[in-house]
Amino acid sequence: MTPSSRRDLLPGTLDMLILKTLVAQPMHGYGIAQHLQRLSEDVIRVEEGSLYPALQRMRQKGWIKAEWRQTPNNQRARYYTVTSAGRKHLGQQESGFLELLTAIGRIMRPA
Amino acid sequence: MREWLNRLRDWLRREELDRELTEELRFHREQLERDAKGEGAPAESVPYLARRRLGNLTRVHEEARDRWSWPWLDHFQKDLRYAFRGLRRSPGFSATVIVTLGLGIGANAAMFGVVDRLMFRPFPYMRDASTVHRVYLTWQDRERSRTSSAFEYTRYLDLTKFTTSFSQFAGFATRRMAVGVGDASRERSVAVVNASFFDFFDMRPALGRFFVAAEDVTPKGASVVVLEHGFWQREFGGRNVLGETLHVRNIPCVIIGVAPKGFVGVSENEPPAVFIPITTSAGNEPNERMAATYYKTYNWGWMSVMLRRKPGVSVAAASQDLSQAHVRSWNAELAIEPRGTPASVARPAAVAGSLKTPAGPDAGLESKTLLWVTGVAVIVMLIACANVANLMLARVLRRRREIAVRLALGVSRKRLLAQCLTESMLLAALGCVAGLAIAQWGGAALRHILVRNSSALDVVTDWRTLVVAAGFALAAGLLTGLAPAYLAGRGELAAALKAGAREGGAHRSRMRSALLVVQGALSVILLVGAGLFVKSLDHVRDLPMGFDSEPVLYATTNMRGMRTTEAQQEALGQALLTAGQGIPGVESAAWVSAAPFQSSSATNLHVEGIDSVRKLGRFTYQSTTPDFFKTMNTRVLRGRSFTAEDRKGTPRVALVSDAMGKALWPGKDPIGQCMRVGNDTVPCTTVIGIAENAVERSFSGEKGFMYYLPIAQYEPGSGYALMLRMRGDPRPHQETVRKVLQAVMPGQSYIRVQPFDEIIDTERRSWKVGATMFVAFGVLALLVAAVGLYGVITYNVAQRMHELGVRIALGAQAVHVMRLVVGQGVRFALLGVVIGLGLALVGAKWIQPLLFQQSARDPVTYGLVAVILLMVALLASVLPARRATRADPNSALRTD
């Protein structure tokens with residue numbers, strides 16, 4: 001995979017992707033990054049450090065909670081969990097996003 | 001909202017968050033390094049690969065930190081800490097400022113609490129209070145404008161019929177009635193109200209229900225009662241009392257409900273104990289004729305009316321509607337009693353005014369005085385602010401080197417300003433706390449002087465007062481902080497850096513001098529006001545009233561609606577009089593038909609040769625028993641007073657007041673003249689003596705004429721009140737007298753005894769309030785101003801030590817130096833005096849109506865105040881001046 005084939009995220013979608021990731025299970029920052037990369041088959045390029053300001057912002061908005069836990073390898077890591085407010089927000093984002101995608105798809109479809 | 005709270009919480013633990021982020025990123029990096037190793041990257045490139053995946057860590061840190069840092073909050077915290085340190089370093093300065101502001105804020109918070117309760121605060125539970133009014137009737141009576149909120153029930157009904165602008169009406173009155181039976185019965189305040197009264201409020205009864213329209217009907221409403229919550233708690237322990245009977249006056253009422261906690265109706269003083277239908281009260285009047293006709297005639301004005309404007313009706317339109325209704329009602333009255341004044345002459349009108357009488361058009365002297373006192377409190381606050389600003393200025397000047405250094409080092413002027421303001425705001429906040437403490441403590445004193453019977457004046461738990469206090473503190477913080485901040489941020493850096501602690505900078509001390517003069521002027525105004533009120537109070541006290549009040553006890557009976565015959569009344573009156581005269585300590589006793597300031601009686605008077613006696617003024621009579629003149633110490637100037645021989649059947653006799661004799665029979669001897677009392681067909685009443693003039697209704701109102709009739713000849717039966725003259729102070733005898741007299745009272749009826757002086761004192765209250773408060777605030781202002789002057793002169797002397805030293809070295813005498821310094825202080829004071837007196841002269845015309853026989857431009861008062869202020873200024877500058885004479889010429893010469 002060459003770097004040029006990676007894509008920048010659409011603005012505003014990082015929150016949604018993080019929430020979607022965390023809905024499956026609580027995870028630490030590194031895990032989120034891995035998850036995004038794996039599922040997008042390396043298409044999405046996130047500078048992994050930039051996850052952290054986003055996580056702080058979402059925590060302040062009350063969408064996620066953070067707590068220190070032990071990893072399976074017995075290391076201390078900060079795990080993030082989605083709150084009910086976060087789930088609600090994700091639901092709204094998802095439906096809006098899908099609508100948008102469909103609309104864009106329709107326009108971009110060859111006539 | 002939630003997000004901001006979270007951010008604030010994060011700000012508070014930002015260091016911890018910082019640490020956590022670092023740890024989190026380290027964990028991430030370690031994982032990435034492990035991955036890289038696992039993928040077989042060469043060992044030396046592992047850290048590089050990991051870092052590349054993570055991106056710019058500094059930026060990550062900064063961005064994350066932005067989420068929990070607020071720069072201005074950080075600054076504010078730093079400033080606050082700095083300010084605290086500064087204040088701790090100079091405890092004398094801080095204490096002075098806090099106490100000064102505390103006095104100002106405290107005085108205002110306390111005054112606001114009083115005035116707000118008296119005039120502005122809506123009654124508890126009142127719905128949409130801004131659309132609710134009390135109706136005030138106005139008319140012309142003998143060239144005078146009259147305003148009154150007293151209504152006849154009939155007139156109230158007229159108003160509901162003749163107006164269209166109102167959605168709700170209710171009549172109400174507060175009356176004192178005996179409540180309960182036997183030993184448990186007490187005279188209490190009873191709210192008599194229409195059933196519609198309760199619809200003005202948003203509330204539900206705590207128990208049962210309120211009475212309804214069907215229970216409030218003319219001529220006589222149902223015997224039902226609603227208890228006030230506190231009364232219910234105190235007297236019934238809060239148990240279920242529905243269906244029980246409670247006697248209100250002579251009416252056995254069924255308890256149907258309990259009002260919610262805090263509901264007092266529209267009672268301005270003491271909360272009522274119970275609520276009963278207004279028609280129940282009127283329909284059960286002991287006077288049978290009144291009870292039967294109160295809703296059809298216009299001769300018993302006893303209640304007030306409140307109403308609610310319909311949406312969209314302006315206050316002016318409402319008053320107009322009420323005015324035309326009053327005209328129609330006036331004509332309706334003329335239809336029944338054609339002898340009244342025609343509407344074209346009386347010009348009846350009405351005003352939809354404030355529900356609270358002290359804020360209405362019929363406000364008494366007392367509430368006007370109170371408003372003035374509030375203004376005075378604001379002036380005290382201004383003086384306090386001027387003083388504090390002055391102190392702060394001095395501080396800034398002392399620190400100008402430090403400030404210049406900081407400016408030179410690149411601190412922005414905005415930050416400097418913020419710092420100054422933070423400091424003054426901190427001081428103001430502390431002052432506010434001190435002020436609330438003072439107000440809380442002073443509130444007790446204020447309550448004592450200003451508002452009788454009023455519910456607790458708790459300052460600390462009253463949010464309206466708290467908001468006002470905080471507002472004053474904010475204003476004080478701004479006022480006292482801005483001037484120094486402005487100066488601190490200005491000025492010539494280089495000069496300040498070069499100069500030592502000397503060099504005051506002329507323009508800066510000009511500002512301080514101006515503040516000083518303002519303080520002086522304001523103090524002068526307050527002291528002039530204090531002087532005028534004190535003199536008024538003296539005049540009122542010295543006023544020859546024509547009777548003594550100090551040694552007299554005043555007893556009134558309450559028959560609780562018992563219907564008695566005239567003969568029974570007469571016997572009771574005689575029994576009480578005899579019992580009273582027999583009490584040890586009682587010098588003499590007499591029945592009166594009217595007590596000064598309490599009631600008066602008038603009737604038609606006919607004198608041969610005079611068309612209409614009424615046109616000459618107001619004639620009131622006092623029918624009384626023989627010992628009256630001895631008891632009240634009203635001097636009989638000529639002729640004789642009554643004796644026991646002047647009774648029913650003997651020729652009718654009367655005494656007239658000196659003024660009345662001169663008015664009715666100018667140039668003739670009134671003794672032996674004939675007047676006819678009641679109507680012109682009755683036999684002559686012969687004048688047998690002249691009594692000195694006496695005050696009858698009010699100190700300040702119109703002068704009236706008084707005549708005296710023997711009660712036995714004119715209206716036998718017990719009079720309005722029994723006056724008992726005691727030997728010495730009557731207070732210790734009050735209870736004994738009551739017990740002896742009570743033993744004479746039949747059935748459920750009872751008697752009340754109080755010192756007559758208490759009643760007179762009530763009449764003097766407005767001047768007493770004015771005098772007390774003006775003097776208190778005036779002295780406070782003077783004190784604060786003196787401290788200010790002292791501070792400034794001291795500071796100036798310190799600044800000029802060098803110059804003074806040079807002068808002394810050049811041969812100046814101590815006296816010269818003294819004169820130099822003291823002269824400066826006195827000059828400030830003189831300027832303040834001139835400005836203050838000028839303003840007082842201008843303001844005199846507004847305060848004049850509040851004074852009693854006292855010109856508001858009294859030269860003696862003005863002169864005295866000027867002297868006092870100059871003396872204080874002299875004193876405040878002599879101390880620093882003495883320090884000035886000790887300026888050391890040696891050190892002065894050596895420094896340069």
# chains A, B, ... in the order shown; residues from 1 in each chain; ligands from 1
>>> interface_residues(of="chain B", to="chain A", cutoff="7 Å", atoms="only C-alpha atoms", output="PyMOL selection string")
chain B and resi 3+6-7+24+27-28+53-55+57+60+63-64+67
>>> write_last_selection(atoms="C-alpha atoms", output="PDB file, in the first residue's frame")
ATOM      1  CA  GLU B   3     -19.899  20.488  28.413  1.00  0.00           C
ATOM      2  CA  ASN B   6     -16.989  19.273  32.328  1.00  0.00           C
ATOM      3  CA  ARG B   7     -14.484  21.721  30.952  1.00  0.00           C
ATOM      4  CA  GLU B  24      -1.441   7.396  27.436  1.00  0.00           C
ATOM      5  CA  PHE B  27       1.636   3.463  26.094  1.00  0.00           C
ATOM      6  CA  HIS B  28       0.628   4.059  22.494  1.00  0.00           C
ATOM      7  CA  ARG B  53       2.723   6.885  13.040  1.00  0.00           C
ATOM      8  CA  LEU B  54       1.880   8.994  16.034  1.00  0.00           C
ATOM      9  CA  GLY B  55       2.508  12.340  14.359  1.00  0.00           C
ATOM     10  CA  LEU B  57       3.276  14.902  19.730  1.00  0.00           C
ATOM     11  CA  VAL B  60      -1.219  16.665  20.182  1.00  0.00           C
ATOM     12  CA  GLU B  63      -4.480  20.588  21.203  1.00  0.00           C
ATOM     13  CA  ALA B  64      -5.531  18.341  24.042  1.00  0.00           C
ATOM     14  CA  ARG B  67      -9.561  21.393  25.700  1.00  0.00           C
TER      15      ARG B  67
END
>>> residues_around(residues="A:Met16", least_positions_apart="3", cutoff="12 Å", atoms="only C-alpha atoms", output="number ranges by chain")
A: 9-13, 19-23, 36, 54-55, 58, 63-64, 82, 86-98
>>> residues_around(residues="B:Pro889", least_positions_apart="4", cutoff="10 Å", atoms="only C-alpha atoms", output="JSON, numbers by chain")
{"B": [801, 802, 803, 804, 805, 806, 807, 808, 809, 810, 811, 893, 894]}
>>> closest_residue(among="B:Val842, B:Ala575, B:Leu355, B:Met632", to="B:Leu741", atoms="only C-alpha atoms")
B:Ala575
>>> residues_around(residues="B:Pro342", least_positions_apart="5", cutoff="12 Å", atoms="only C-alpha atoms", output="number ranges by chain")
B: 139-141, 327-335, 337, 347-348
>>> write_last_selection(atoms="C-alpha atoms", output="JSON list (two decimals), in the first residue's frame")
[["chain", "number", "residue", "atom", "x", "y", "z"],
["B", 139, "TRP", "CA", -62.01, 64.46, 45.01],
["B", 140, "GLN", "CA", -62.04, 68.12, 45.98],
["B", 141, "ASP", "CA", -63.21, 69.07, 49.42],
["B", 327, "VAL", "CA", -68.35, 60.18, 38.82],
["B", 328, "ARG", "CA", -71.31, 57.89, 38.17],
["B", 329, "SER", "CA", -71.01, 56.45, 41.66],
["B", 330, "TRP", "CA", -70.84, 59.97, 43.09],
["B", 331, "ASN", "CA", -74.09, 60.84, 41.34],
["B", 332, "ALA", "CA", -75.65, 57.60, 42.55],
["B", 333, "GLU", "CA", -74.77, 58.70, 46.07],
["B", 334, "LEU", "CA", -76.32, 62.13, 45.47],
["B", 335, "ALA", "CA", -79.51, 60.39, 44.39],
["B", 337, "GLU", "CA", -78.27, 61.80, 49.87],
["B", 347, "ARG", "CA", -64.61, 66.59, 40.68],
["B", 348, "PRO", "CA", -64.41, 62.93, 41.70]]
>>> select_by_dssp(residues="stretch 1-98 of chain A", states="alpha helix (DSSP H)", output="PyMOL selection string")
chain A and resi 13-24+29-39+51-61+84-98
>>> closest_residue(among="B:Trp372, B:Tyr795, B:Tyr298, B:Phe774", to="B:Arg512", atoms="only C-alpha atoms")
B:Tyr795
>>> residues_around(residues="stretch 260-266 of chain B", least_positions_apart="2", cutoff="10 Å", atoms="only C-alpha atoms", output="PDB file with C-alpha atoms, in the first residue's frame")
ATOM      1  CA  PRO B 122     -45.084  41.619  45.255  1.00  0.00           C
ATOM      2  CA  PHE B 123     -47.168  39.794  47.789  1.00  0.00           C
ATOM      3  CA  PRO B 124     -46.481  36.067  47.998  1.00  0.00           C
ATOM      4  CA  TYR B 125     -48.350  33.927  45.424  1.00  0.00           C
ATOM      5  CA  MET B 126     -49.725  36.993  43.606  1.00  0.00           C
ATOM      6  CA  PHE B 172     -60.726  43.656  51.328  1.00  0.00           C
ATOM      7  CA  ALA B 173     -60.008  45.119  54.728  1.00  0.00           C
ATOM      8  CA  THR B 174     -57.872  44.244  57.698  1.00  0.00           C
ATOM      9  CA  ALA B 191     -58.510  39.772  56.804  1.00  0.00           C
ATOM     10  CA  VAL B 193     -62.111  39.675  51.845  1.00  0.00           C
ATOM     11  CA  PHE B 197     -59.838  37.770  46.436  1.00  0.00           C
ATOM     12  CA  PHE B 198     -58.263  34.325  46.282  1.00  0.00           C
ATOM     13  CA  PHE B 200     -55.738  36.908  42.324  1.00  0.00           C
ATOM     14  CA  PHE B 201     -53.240  34.365  43.563  1.00  0.00           C
ATOM     15  CA  MET B 203     -52.031  28.786  45.082  1.00  0.00           C
ATOM     16  CA  ARG B 204     -53.867  25.936  46.617  1.00  0.00           C
ATOM     17  CA  PRO B 205     -55.042  25.783  50.203  1.00  0.00           C
ATOM     18  CA  ALA B 206     -52.823  23.728  52.476  1.00  0.00           C
ATOM     19  CA  LEU B 207     -55.975  22.121  53.787  1.00  0.00           C
ATOM     20  CA  LEU B 227     -56.872  30.031  58.746  1.00  0.00           C
ATOM     21  CA  GLU B 228     -53.511  31.562  58.026  1.00  0.00           C
ATOM     22  CA  HIS B 229     -50.831  28.883  57.906  1.00  0.00           C
ATOM     23  CA  GLY B 230     -48.676  30.184  60.776  1.00  0.00           C
ATOM     24  CA  TRP B 232     -52.876  27.210  62.221  1.00  0.00           C
ATOM     25  CA  GLN B 233     -49.449  25.854  63.169  1.00  0.00           C
ATOM     26  CA  GLY B 257     -59.585  25.627  54.989  1.00  0.00           C
ATOM     27  CA  VAL B 258     -56.007  26.626  55.708  1.00  0.00           C
ATOM     28  CA  GLU B 268     -48.645  45.064  54.751  1.00  0.00           C
ATOM     29  CA  ASN B 269     -47.876  44.721  58.409  1.00  0.00           C
ATOM     30  CA  GLU B 270     -48.703  41.851  60.662  1.00  0.00           C
ATOM     31  CA  PRO B 271     -50.012  38.791  58.760  1.00  0.00           C
ATOM     32  CA  PRO B 272     -53.701  38.161  59.390  1.00  0.00           C
ATOM     33  CA  ALA B 273     -54.639  35.254  61.642  1.00  0.00           C
ATOM     34  CA  VAL B 274     -57.731  34.302  59.668  1.00  0.00           C
ATOM     35  CA  PHE B 275     -59.663  35.171  56.507  1.00  0.00           C
ATOM     36  CA  MET B 306     -58.002  45.809  44.270  1.00  0.00           C
ATOM     37  CA  LEU B 355     -51.263  47.752  45.736  1.00  0.00           C
ATOM     38  CA  LYS B 356     -48.839  48.808  48.441  1.00  0.00           C
TER      39      LYS B 356
END
>>> residues_around(residues="B:Met706", least_positions_apart="2", cutoff="7 Å", atoms="only C-alpha atoms", output="ChimeraX atom specification")
/B:619-621,656-657,660,704,708
>>> atom_distance(atom1="atom CA of B:Ser641", atom2="atom CA of B:Ser593")
16.7 Å
>>> atom_distance(atom1="atom CA of B:Val468", atom2="atom CA of B:Thr100")
17.6 Å
>>> residues_around(residues="stretch 745-751 of chain B", least_positions_apart="4", cutoff="7 Å", atoms="only C-alpha atoms", output="PyMOL selection string")
chain B and resi 182+555-560+738+741
>>> write_last_selection(atoms="N, CA and C atoms", output="PDB file, in the first residue's frame")
ATOM      1  N   GLY B 182     -63.182  32.520  75.416  1.00  0.00           N
ATOM      2  CA  GLY B 182     -62.660  32.355  76.770  1.00  0.00           C
ATOM      3  C   GLY B 182     -61.237  32.858  76.893  1.00  0.00           C
ATOM      4  N   ALA B 555     -57.407  53.399  77.569  1.00  0.00           N
ATOM      5  CA  ALA B 555     -58.097  52.108  77.614  1.00  0.00           C
ATOM      6  C   ALA B 555     -59.278  52.115  76.658  1.00  0.00           C
ATOM      7  N   THR B 556     -59.360  51.087  75.818  1.00  0.00           N
ATOM      8  CA  THR B 556     -60.503  50.978  74.904  1.00  0.00           C
ATOM      9  C   THR B 556     -61.169  49.627  75.102  1.00  0.00           C
ATOM     10  N   THR B 557     -62.474  49.625  74.963  1.00  0.00           N
ATOM     11  CA  THR B 557     -63.200  48.378  75.181  1.00  0.00           C
ATOM     12  C   THR B 557     -63.524  47.724  73.856  1.00  0.00           C
ATOM     13  N   ASN B 558     -63.679  46.424  73.893  1.00  0.00           N
ATOM     14  CA  ASN B 558     -64.141  45.677  72.727  1.00  0.00           C
ATOM     15  C   ASN B 558     -65.280  44.791  73.196  1.00  0.00           C
ATOM     16  N   MET B 559     -66.480  45.103  72.708  1.00  0.00           N
ATOM     17  CA  MET B 559     -67.661  44.379  73.190  1.00  0.00           C
ATOM     18  C   MET B 559     -67.874  43.079  72.431  1.00  0.00           C
ATOM     19  N   ARG B 560     -67.030  42.794  71.457  1.00  0.00           N
ATOM     20  CA  ARG B 560     -67.159  41.569  70.657  1.00  0.00           C
ATOM     21  C   ARG B 560     -68.559  41.448  70.072  1.00  0.00           C
ATOM     22  N   ARG B 738     -55.244  47.152  83.656  1.00  0.00           N
ATOM     23  CA  ARG B 738     -56.017  46.302  82.762  1.00  0.00           C
ATOM     24  C   ARG B 738     -56.799  45.259  83.557  1.00  0.00           C
ATOM     25  N   LEU B 741     -59.812  46.768  85.427  1.00  0.00           N
ATOM     26  CA  LEU B 741     -60.893  47.160  84.522  1.00  0.00           C
ATOM     27  C   LEU B 741     -61.529  45.933  83.874  1.00  0.00           C
TER      28      LEU B 741
END
